[in-house]
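Asker: I have a structure I would like to understand better, so I am pasting it below and will then ask my questions one at a time.
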Amino acid sequence: MTTTNRAPRNKTLTITDKERKHYKKQLIYPQSDLRLEQIINKTICDDIIHVLEYLPTAFVDLLIIDPPYNLDKNFNGIRFAKTNDEIYLDYLRSWFPKLVTILKPNASVYICGDWKSTFCLYRIMKEHTIIRNRITWQREKGRGAKKNWKNAMEDIWFGTIGNNYYFNVDAVKQKRKVIAPYRENGQPKDWDETDNGNFRLTHPSNFWDDISIPYWSMPENTDHPTQKPEKLIAKIILASCPEGGIVFDPFLGSGTTSVVAKKLGRQFVGIEKNEEYCLWAEKRLDIAETNKTIQGYANNVFWERNTLNLQCKDIPKT
């Protein structure tokens with residue numbers, strides 16, 4: 001495989017054959033039981049169903065699952081075929097219960113899907129976790145359909161193993177522009193007045209409308225067809241994994257979960273059966289050694305779209 005040539009302004013990740021040889025040496029190809037010290041902060045190249053039998057038990061603080069949706073999709077030569085709800089639910093049941101065994105008693109679980117698969121995701125989460133919430137995030141991309149409403153939302157189901165779980169709401173507050181500022185005794189009430197506008201720090205809701213999908217001019221972008229934004233994963237990690245905790249992603253794709261965990265001072269383990277995607281993840285992890293930036297997140301605060309640059313001129317706008 002050769003290097004992909006990009007236009008000068010296109011920041012999509014590229015990887016050379018020399019880099020592939022280098023990063024391949026860093027991957028784990030399991031054939032027997034794995035100790036925690038072997039896999040921590042590593043990428044495992046294999047199918048999740050095969051790897052589960054080799055993993056330690058009860059070591060994960062946060063499980064983030066972004067499985068193939070119930071759609072026809074080509075993942076760099078590995079195809080996933082759309083089917084009916086019952087068959088898709090059987091697919092989820094083939095690995096989800098085993099994942100529960102690697103979780104700590106106070107662990108949290110997040111699983112991603114679209115409106116077509118959300119029924120099945122709810123069912124599998126209900127069977128094995130205490131469901132806490134359904135997050136809906138605005139996924140603005142594509143031209144839409146001519147005979148239907150444009151699909152611009154996706155779901156993330158949030159659950160826990162028990163009633164004692166970690167959740168840091170202060171770590172995921174959002175800076176929002178104040179449209180109608182209220183004053184008390186002539187002073188701003190619960191908002192800050194700046195030369196660049198008025199802003200309020202707010203608690204997060206289960207509707208996320210501040211996410212930008214990675215595209216060609218963003219350094220985090222890869223050629224993965226269903227890549228999740230770093231900002232989205234950062235919200236989950238900061239809310240539900242303590243510093244130094246372990247984040248586990250069994251469908252790692254191009255590495256976003258591991259990369260964000262590294263940037264935020266968490267440990268990680270990722271599994272991905274497509275070797276090319278694993279190599280992309282390793283290169284992104286290398287880049288994260290010196291670049292901790294997460295677009296749309298600065299000064300320990302998440303910002304609305306197109307507002308971060310008003311306050312932090314040296315950080316790219318969302």
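By convention in this document, the chains of the structure tokens carry letters A, B, ... by their order, each chain's residues are numbered from 1, and ligands are numbered from 1 in the order they are shown.
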Taking only residues of segment 220-253 of chain A that have an atom at most 12 Å from an atom of segment 200-204 of chain A, what is each one's shortest atom pair and its distance in Å to one decimal, using only C-alpha atoms, in chain and number order, as CSV?
Answerer:
```
residue,atom,partner,partner_atom,distance
A:Lys235,CA,A:Pro204,CA,9.5
A:Ile236,CA,A:Pro204,CA,11.3
A:Ala239,CA,A:Pro204,CA,10.1
```
Asker: Show me, as JSON, numbers by chain, the residues that have an atom within 12 Å of segment 111-127 of chain A when counting only C-alpha atoms, minus same-chain residues fewer than 5 positions from it.
Answerer: {"A": [62, 63, 64, 65, 66, 67, 68, 69, 70, 71, 82, 83, 84, 85, 86, 87, 88, 89, 90, 91, 92, 93, 94, 95, 96, 97, 99, 100, 132, 133, 134, 135, 136, 137, 138, 139, 150, 151, 152, 153, 154, 155, 156, 157, 158, 159, 160, 161, 226, 227, 228, 232, 233, 236, 248, 249, 250, 251]}
Asker: Taking the chain letters and numbering used in this document, name the residues of segment 45-82 of chain A that DSSP puts in strand (DSSP E), as a PyMOL selection string.
Answerer: chain A and resi 60-65+73-75+78-80
Asker: Could you jot down the atom CA of Glu230 of chain A to atom CA of Thr293 of chain A separation for me, Å, one decimal place?
Answerer: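 Computing the Euclidean distance for atom CA of Glu230 of chain A and atom CA of Thr293 of chain A yields 9.6 Å.
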Asker: Which residue, A:Lys24, A:Lys263, A:Arg284, A:Lys231, has the smallest gap to Gln174 of chain A when you use only C-alpha atoms?
Answerer: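 Among A:Lys24, A:Lys263, A:Arg284, A:Lys231, it is A:Lys231 that comes nearest to Gln174 of chain A.
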Asker: Please list as a ChimeraX atom specification every residue within 7 Å of segment 214-221 of chain A, counting only C-alpha atoms and excluding residues in the same chain fewer than 4 positions away.
Answerer: /A:9-13,229
Asker: What would the file look like if the residues just selected were written as a CSV table (one decimal), in the first residue's frame with N, CA and C atoms?
Answerer:
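Final file, result-v7.csv:
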```csv
chain,number,residue,atom,x,y,z
A,9,ARG,N,-4.0,21.9,1.7
A,9,ARG,CA,-4.8,22.3,2.8
A,9,ARG,C,-5.6,21.1,3.4
A,10,ASN,N,-5.4,19.9,2.8
A,10,ASN,CA,-6.1,18.7,3.3
A,10,ASN,C,-5.3,18.1,4.4
A,11,LYS,N,-5.8,18.1,5.6
A,11,LYS,CA,-5.1,17.6,6.8
A,11,LYS,C,-5.4,16.1,7.2
A,12,THR,N,-6.2,15.4,6.3
A,12,THR,CA,-6.5,14.0,6.6
A,12,THR,C,-5.3,13.2,6.8
A,13,LEU,N,-5.3,12.3,7.8
A,13,LEU,CA,-4.1,11.5,8.1
A,13,LEU,C,-3.7,10.7,6.9
A,229,PRO,N,-16.1,12.1,16.3
A,229,PRO,CA,-15.3,13.3,16.7
A,229,PRO,C,-14.6,13.1,18.0
```
Asker: What is the distance between atom CA of Gln267 of chain A and atom CA of Asn41 of chain A, in Å to one decimal?
Answerer: 5.8 Å
Asker: So, with only C-alpha atoms as the atoms that count, which of A:Arg35, A:Lys147, A:Arg20, A:Lys141 lies closest to Ser212 of chain A?
Answerer: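 Nearest to Ser212 of chain A: A:Lys141.
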Asker: Could you pull out the residues in segment 24-218 of chain A that DSSP calls helix (DSSP H, G or I) from the backbone, as a PyMOL selection string?
Answerer: chain A and resi 24+36-39+48-54+85-93+96-100+118-128+169-172
Asker: Hey, which bits of segment 25-88 of chain A sit within 8 Å of segment 102-107 of chain A, and for each residue what's the closest pair of atoms and how far apart in Å (one decimal), counting only C-alpha atoms, rows by chain and increasing number, as CSV?
Answerer:
```
residue,atom,partner,partner_atom,distance
A:Leu55,CA,A:Ile102,CA,7.4
A:Pro56,CA,A:Ile102,CA,6.5
A:Thr57,CA,A:Ile102,CA,4.2
A:Ala58,CA,A:Ile102,CA,4.2
A:Phe59,CA,A:Lys104,CA,5.7
A:Val60,CA,A:Leu103,CA,4.6
A:Asp61,CA,A:Ala107,CA,4.6
A:Leu62,CA,A:Ala107,CA,5.6
A:Leu63,CA,A:Ala107,CA,7.6
```
